[in-house]
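Enquirer: Below you'll find the structure I mean.
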Amino acid sequence: MAVFVGNAWDPQAGRETPWIDIARQLAGEQGVAELGPAARTTPPGTDALSRVFQAAGAPVLLLFD
């Protein structure tokens, strides 16, 4: 499960974008690696997100507010 609350989110080193934060919540560093280095500046495509979900190793629940 990953939770993202937009008005409470604060970019930090290693967590520069919402999708990096979500990937880390779901699959740790492996999830971030699946996004690739472009994820720091470019939204991931469906293939990259699918790899993150597979790296999670379990059903995925995403909560956005």
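Simple scheme: letters A, B, ... for chains in structure tokens order, numbers from 1 for residues in each chain, numbers from 1 for ligands in the order shown.
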Taking 6 positions as the minimum chain separation for residues in the same chain, which residues sit within 9 Å of range 42-49 of chain A when counting only C-alpha atoms? Answer as a ChimeraX atom specification.

Expert: /A:17,19,23,31,34-36

Enquirer: With N, CA and C atoms retained, export the selected residues as a PDB file, in the first residue's frame.

Expert:
ATOM      1  N   THR A  17      10.027  13.420  -6.517  1.00  0.00           N
ATOM      2  CA  THR A  17       8.743  13.427  -7.217  1.00  0.00           C
ATOM      3  C   THR A  17       7.769  12.485  -6.513  1.00  0.00           C
ATOM      4  N   TRP A  19       6.002  10.113  -7.711  1.00  0.00           N
ATOM      5  CA  TRP A  19       6.096   8.718  -8.149  1.00  0.00           C
ATOM      6  C   TRP A  19       7.300   8.009  -7.535  1.00  0.00           C
ATOM      7  N   ALA A  23       6.852   4.688  -5.334  1.00  0.00           N
ATOM      8  CA  ALA A  23       7.639   3.486  -5.653  1.00  0.00           C
ATOM      9  C   ALA A  23       8.406   3.002  -4.433  1.00  0.00           C
ATOM     10  N   GLY A  31      11.924  -0.617  -6.038  1.00  0.00           N
ATOM     11  CA  GLY A  31      10.867   0.107  -6.732  1.00  0.00           C
ATOM     12  C   GLY A  31      11.377   1.369  -7.396  1.00  0.00           C
ATOM     13  N   GLU A  34      13.354   0.500 -10.457  1.00  0.00           N
ATOM     14  CA  GLU A  34      12.504   0.119 -11.595  1.00  0.00           C
ATOM     15  C   GLU A  34      12.032   1.341 -12.373  1.00  0.00           C
ATOM     16  N   LEU A  35      11.908   2.480 -11.719  1.00  0.00           N
ATOM     17  CA  LEU A  35      11.505   3.705 -12.419  1.00  0.00           C
ATOM     18  C   LEU A  35      12.628   4.245 -13.286  1.00  0.00           C
ATOM     19  N   GLY A  36      13.862   4.062 -12.860  1.00  0.00           N
ATOM     20  CA  GLY A  36      15.012   4.569 -13.592  1.00  0.00           C
ATOM     21  C   GLY A  36      15.328   6.008 -13.222  1.00  0.00           C
TER      22      GLY A  36
END

Enquirer: Please return, as a ChimeraX atom specification, all residues of chain A that DSSP assigns to helix (DSSP H, G or I) on the basis of the backbone.

Expert: /A:6-8,18-35,37-40,46-56

Enquirer: Would you save the residues of that selection, restricted to C-alpha atoms, as an mmCIF file, in the first residue's frame?

Expert:
data_model
loop_
_atom_site.group_PDB
_atom_site.id
_atom_site.type_symbol
_atom_site.label_atom_id
_atom_site.label_comp_id
_atom_site.auth_asym_id
_atom_site.auth_seq_id
_atom_site.Cartn_x
_atom_site.Cartn_y
_atom_site.Cartn_z
ATOM 1 C CA GLY A 6 -0.582 16.120 -1.964
ATOM 2 C CA ASN A 7 -0.946 19.073 0.390
ATOM 3 C CA ALA A 8 1.258 17.382 3.018
ATOM 4 C CA PRO A 18 5.504 11.826 -6.038
ATOM 5 C CA TRP A 19 6.096 8.718 -8.149
ATOM 6 C CA ILE A 20 9.522 8.126 -6.545
ATOM 7 C CA ASP A 21 7.905 8.403 -3.116
ATOM 8 C CA ILE A 22 5.160 5.944 -4.106
ATOM 9 C CA ALA A 23 7.639 3.486 -5.653
ATOM 10 C CA ARG A 24 9.722 3.557 -2.453
ATOM 11 C CA GLN A 25 6.646 2.924 -0.300
ATOM 12 C CA LEU A 26 5.636 -0.042 -2.453
ATOM 13 C CA ALA A 27 8.956 -1.761 -3.139
ATOM 14 C CA GLY A 28 11.767 0.118 -1.413
ATOM 15 C CA GLU A 29 14.914 0.904 -3.356
ATOM 16 C CA GLN A 30 14.051 -1.804 -5.894
ATOM 17 C CA GLY A 31 10.867 0.107 -6.732
ATOM 18 C CA VAL A 32 12.816 3.320 -7.265
ATOM 19 C CA ALA A 33 15.343 1.464 -9.430
ATOM 20 C CA GLU A 34 12.504 0.119 -11.595
ATOM 21 C CA LEU A 35 11.505 3.705 -12.419
ATOM 22 C CA PRO A 37 16.940 7.835 -13.245
ATOM 23 C CA ALA A 38 14.563 9.781 -15.512
ATOM 24 C CA ALA A 39 11.918 9.564 -12.771
ATOM 25 C CA ARG A 40 13.563 12.524 -11.040
ATOM 26 C CA THR A 46 2.887 2.391 -17.754
ATOM 27 C CA ASP A 47 5.752 -0.076 -18.309
ATOM 28 C CA ALA A 48 7.814 1.455 -15.496
ATOM 29 C CA LEU A 49 4.817 1.513 -13.161
ATOM 30 C CA SER A 50 4.068 -2.121 -13.971
ATOM 31 C CA ARG A 51 7.636 -3.024 -12.996
ATOM 32 C CA VAL A 52 7.204 -1.194 -9.677
ATOM 33 C CA PHE A 53 3.955 -3.055 -8.985
ATOM 34 C CA GLN A 54 5.642 -6.377 -9.775
ATOM 35 C CA ALA A 55 8.575 -5.478 -7.510
ATOM 36 C CA ALA A 56 6.079 -4.898 -4.684
#

Enquirer: Excluding same-chain residues fewer than 5 positions from Leu63 in chain A, what lies within 9 Å of it counting only C-alpha atoms, as a PDB file with N, CA and C atoms, in the first residue's frame?

Expert:
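The resulting file, out.pdb, is shown below:
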ATOM      1  N   MET A   1       0.848  -1.169   0.000  1.00  0.00           N
ATOM      2  CA  MET A   1       0.000   0.000   0.000  1.00  0.00           C
ATOM      3  C   MET A   1       0.895   1.232   0.000  1.00  0.00           C
ATOM      4  N   ALA A   2       0.493   2.228  -0.743  1.00  0.00           N
ATOM      5  CA  ALA A   2       1.190   3.510  -0.755  1.00  0.00           C
ATOM      6  C   ALA A   2       0.154   4.613  -0.571  1.00  0.00           C
ATOM      7  N   VAL A   3       0.533   5.628   0.185  1.00  0.00           N
ATOM      8  CA  VAL A   3      -0.357   6.753   0.465  1.00  0.00           C
ATOM      9  C   VAL A   3       0.342   8.035   0.031  1.00  0.00           C
ATOM     10  N   PHE A   4      -0.387   8.880  -0.688  1.00  0.00           N
ATOM     11  CA  PHE A   4       0.144  10.168  -1.105  1.00  0.00           C
ATOM     12  C   PHE A   4      -0.878  11.237  -0.764  1.00  0.00           C
ATOM     13  N   VAL A   5      -0.481  12.183   0.081  1.00  0.00           N
ATOM     14  CA  VAL A   5      -1.333  13.316   0.447  1.00  0.00           C
ATOM     15  C   VAL A   5      -0.659  14.557  -0.130  1.00  0.00           C
TER      16      VAL A   5
END
